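Undergrad: This is the structure, below, for whatever I ask next.
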Amino acid sequence: MKIFSQSLVRECTGTAMATFVVLLGITVATQLVRFLGLAAGGAITFSGVFALLALTAFNYLPVLLSLTLFIAVLMTLTRSYRDSEMVVWFSSGLSLTAWIRPVMTFAGPVVLLIALLSLVLSPWAITKSEEFRSYMDSRDDVSQVTPGVFRESKQNERVFFVENVNEGENTVANIFVSSTQHQKTGIMVARRGFLQTLENGDRFLVMLNGRRYEGTPGTLEYKISEFERYAMRIESHGIKAALPSAKSMSTPELLDNPGPIYRGELVWRIGLPLSALLLALLAIPLSFVNPRAGRSLNLVLAILVYMVYNNVLSIAQAWVAQQRIGLAAGLWGVHLIMLAILALLFARRLTLFSLNRFISFR
C-alpha cells in the first residue's frame with residue numbers, strides 16, 4: 001500500500017509541475033501582451049510592466065493551482081486505466097476508494113497553498129496593483145510621454161510628441177507640442193529641451209531653439225515666432241485616494257463588513273480551496289477510461305465539469321452580492337451539490353466495478 005501511495009504521489013507531482021508551467025506560461029504571455037500595449041500608449045511605464053505582471057500572476061495563482069491539481073490527478077489516473085495498471089491494483093484487492101488517501105496526500109499541501117493565496121496573498125497583490133495604477137494615473141503629462149508616440153494631455157488641450165528621451169540627463173530631443181487656447185491653435189517645435197523643477201514644486205518643460213506657430217484653423221492668419229528658450233508649465237495631478245474595492249480588502253476586513261458585495265467576495269475566496277479539494281476527489285471517478293476505446297470522452301466530460309463548477313461558483317458569488325441568496329447558501333450550497341455528485345459518481349463506479357468482478361468470476 002505504501003508503494004502504491006508513493007507511486008501515485010510521485011507521478012501526480014511530475015504531471016502537476018508540467019501542467020502548472022504550461023498554464024502559467026499562457027497566462028503570463030497573454031498578460032504581458034496587454035501590459036506592453038498599455039506601456040506603448042504611455043498608460044504605464046515600461047519599467048512597471050514586470051511589476052504589474054508579477055502582481056497579476058499572484059492574483060491568478062489560486063485558479064491556476066486549482067486547475068493544475070484537477071488535471072494532474074485526472075491525467076495520472078487516466079494513464080493508469082489506459083495502461084491497464086488499474087487492473088493490477090484492483091486484482092490486488094484495492095477498490096476505487098483506496099485512491100482517496102494518496103490523492104488527499106498529494107492534494108492537501110496544494111489546497112493549503114491555494115487557501116493561503118486566496119485569503120491572504122491575492123488581496124495583497126490586488127491592493128499593490130491598484131496603488132501602482134493610481135500612481136501611474138497621477139503622473140503629469142510629460143512623464144507619460146513615450147518616445148515616438150503622440151500623447152494627449154488629460155485635459156485634452158495639448159498633444160505632445162518627443163523623438164528621444166534621455167532619462168539620465170533629464171533631457172528630450174525633437175519636441176512637438178500642439179495646444180488650443182482661446183479658439184486658437186498653437187504649435188511649438190524645438191530641437192531639444194529639459195524638465196525644470198522650481199523650489200516651490202512647480203515643474204516646467206523648457207524648450208530651446210524652437211519655433212511657435214499660432215493662428216486660427218481654416219484661415220491664413222498665422223503668426224510665426226522663434227525663441228531660444230520657452231518654458232511651459234506642467235500641470236501636476238495628485239494621487240487620487242480611491243476607495244478600496246472588495247477584491248483588494250483583506251479577509252478580516254471582509255468578515256467585519258456586512259455589505260453584500262463583501263460577502264460575495266468572501267464566498268469566492270473561501271470557495272476556491274474547497275472547490276480545489278472536491279475537484280481533486282472528483283477526478284478519481286471521472287478518470288475511468290476503457291483501454292480498448294477512445295480516451296477523449298472522459299477528458300471532455302472532466303473539462304466540462306470544471307467549467308460548470310467554476311461558473312456556478314461565480315454565479316453564487318454574484319447572487320450573494322445581489323442579495324438573491326444568503327451567505328450560508330452561497331458559501332456551502334454549490335459545494336454540497338458537488339459533494340452529492342461526487343458520492344453518486346463513486347457509488348456508480350463501485351457498482352459497475354463490483355458487477356464486472358461478479359461477471360468475471362462467473
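Lettering and numbering for the C-alpha cells are positional, with chains as A, B, ... in the shown order, residues counted from 1 in each chain, and ligands counted from 1 in the shown order.
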Just the residues within 8 Å of segment 188-197 of chain A, please, counting only C-alpha atoms, with nothing from its chain fewer than 4 positions along; format it as an MDAnalysis selection string.
TA: chainID A and resid 170:178 201:213
Undergrad: Which segment 98-126 of chain A residues have any atom within 12 Å of an atom of segment 16-24 of chain A, and for each, what is the nearest pair of atoms with distance in Å to one decimal, counting only C-alpha atoms, rows sorted by chain and number, as JSON lines?
TA:
{"residue": "A:Phe106", "atom": "CA", "partner": "A:Ala16", "partner_atom": "CA", "distance": 10.2}
{"residue": "A:Ala107", "atom": "CA", "partner": "A:Ala16", "partner_atom": "CA", "distance": 10.4}
{"residue": "A:Val110", "atom": "CA", "partner": "A:Ala16", "partner_atom": "CA", "distance": 10.2}
Undergrad: Choose the residue, out of A:Ser248, A:Leu74, A:Ala343, A:Arg133, that has the smallest atom-to-atom separation from Gly48 of chain A; count only C-alpha atoms.
TA: A:Arg133
Undergrad: I want to know what sits within 8 Å of segment 116-122 of chain A, based on only C-alpha atoms, with residues of the same chain fewer than 2 positions away left out; could you give that as a list in words?
TA: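 Selected residues are Phe58, Asn59, Leu61, Pro62, Leu112, Leu113, Ile114, Trp124, Ala125, Ile126, Ser250, Thr251, Arg269, Ile270, Leu272 and Pro273 of chain A.
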Undergrad: Can I get the selection written as a CSV table (one decimal), in the first residue's frame, with C-alpha atoms?
TA:
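Generated output (result_8.csv):
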chain,number,residue,atom,x,y,z
A,58,PHE,CA,-0.2,36.3,-7.9
A,59,ASN,CA,-3.9,37.1,-8.4
A,61,LEU,CA,-2.3,31.6,-9.0
A,62,PRO,CA,-5.3,30.2,-6.9
A,112,LEU,CA,-3.4,24.8,1.8
A,113,LEU,CA,-1.3,26.8,-0.6
A,114,ILE,CA,-4.5,27.8,-2.6
A,124,TRP,CA,-2.4,42.0,-1.1
A,125,ALA,CA,-1.3,41.7,-4.7
A,126,ILE,CA,-4.5,43.4,-5.9
A,250,SER,CA,-8.1,41.7,3.5
A,251,THR,CA,-10.1,38.7,4.6
A,269,ARG,CA,-12.2,33.3,-1.6
A,270,ILE,CA,-13.4,30.5,0.7
A,272,LEU,CA,-11.5,28.4,-4.2
A,273,PRO,CA,-9.7,25.9,-1.8
Undergrad: With only C-alpha atoms as the counted atoms, please give the residues lying no more than 10 Å from segment 314-329 of chain A, apart from itself and same-chain residues fewer than 2 positions off, as a list in words.
TA: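 Those residues are Gly259, Pro260, Ile261, Tyr262, Arg263, Gly264, Glu265, Leu266, Val267, Trp268, Arg269, Gly271, Val308, Tyr309, Asn310, Asn311, Val312, Leu331, Trp332, Gly333, Val334, His335 and Leu336 of chain A.
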Undergrad: Among segment 207-332 of chain A, which ones does DSSP place in strand (DSSP E), written as a ChimeraX atom specification?
TA: /A:207-215,222-234
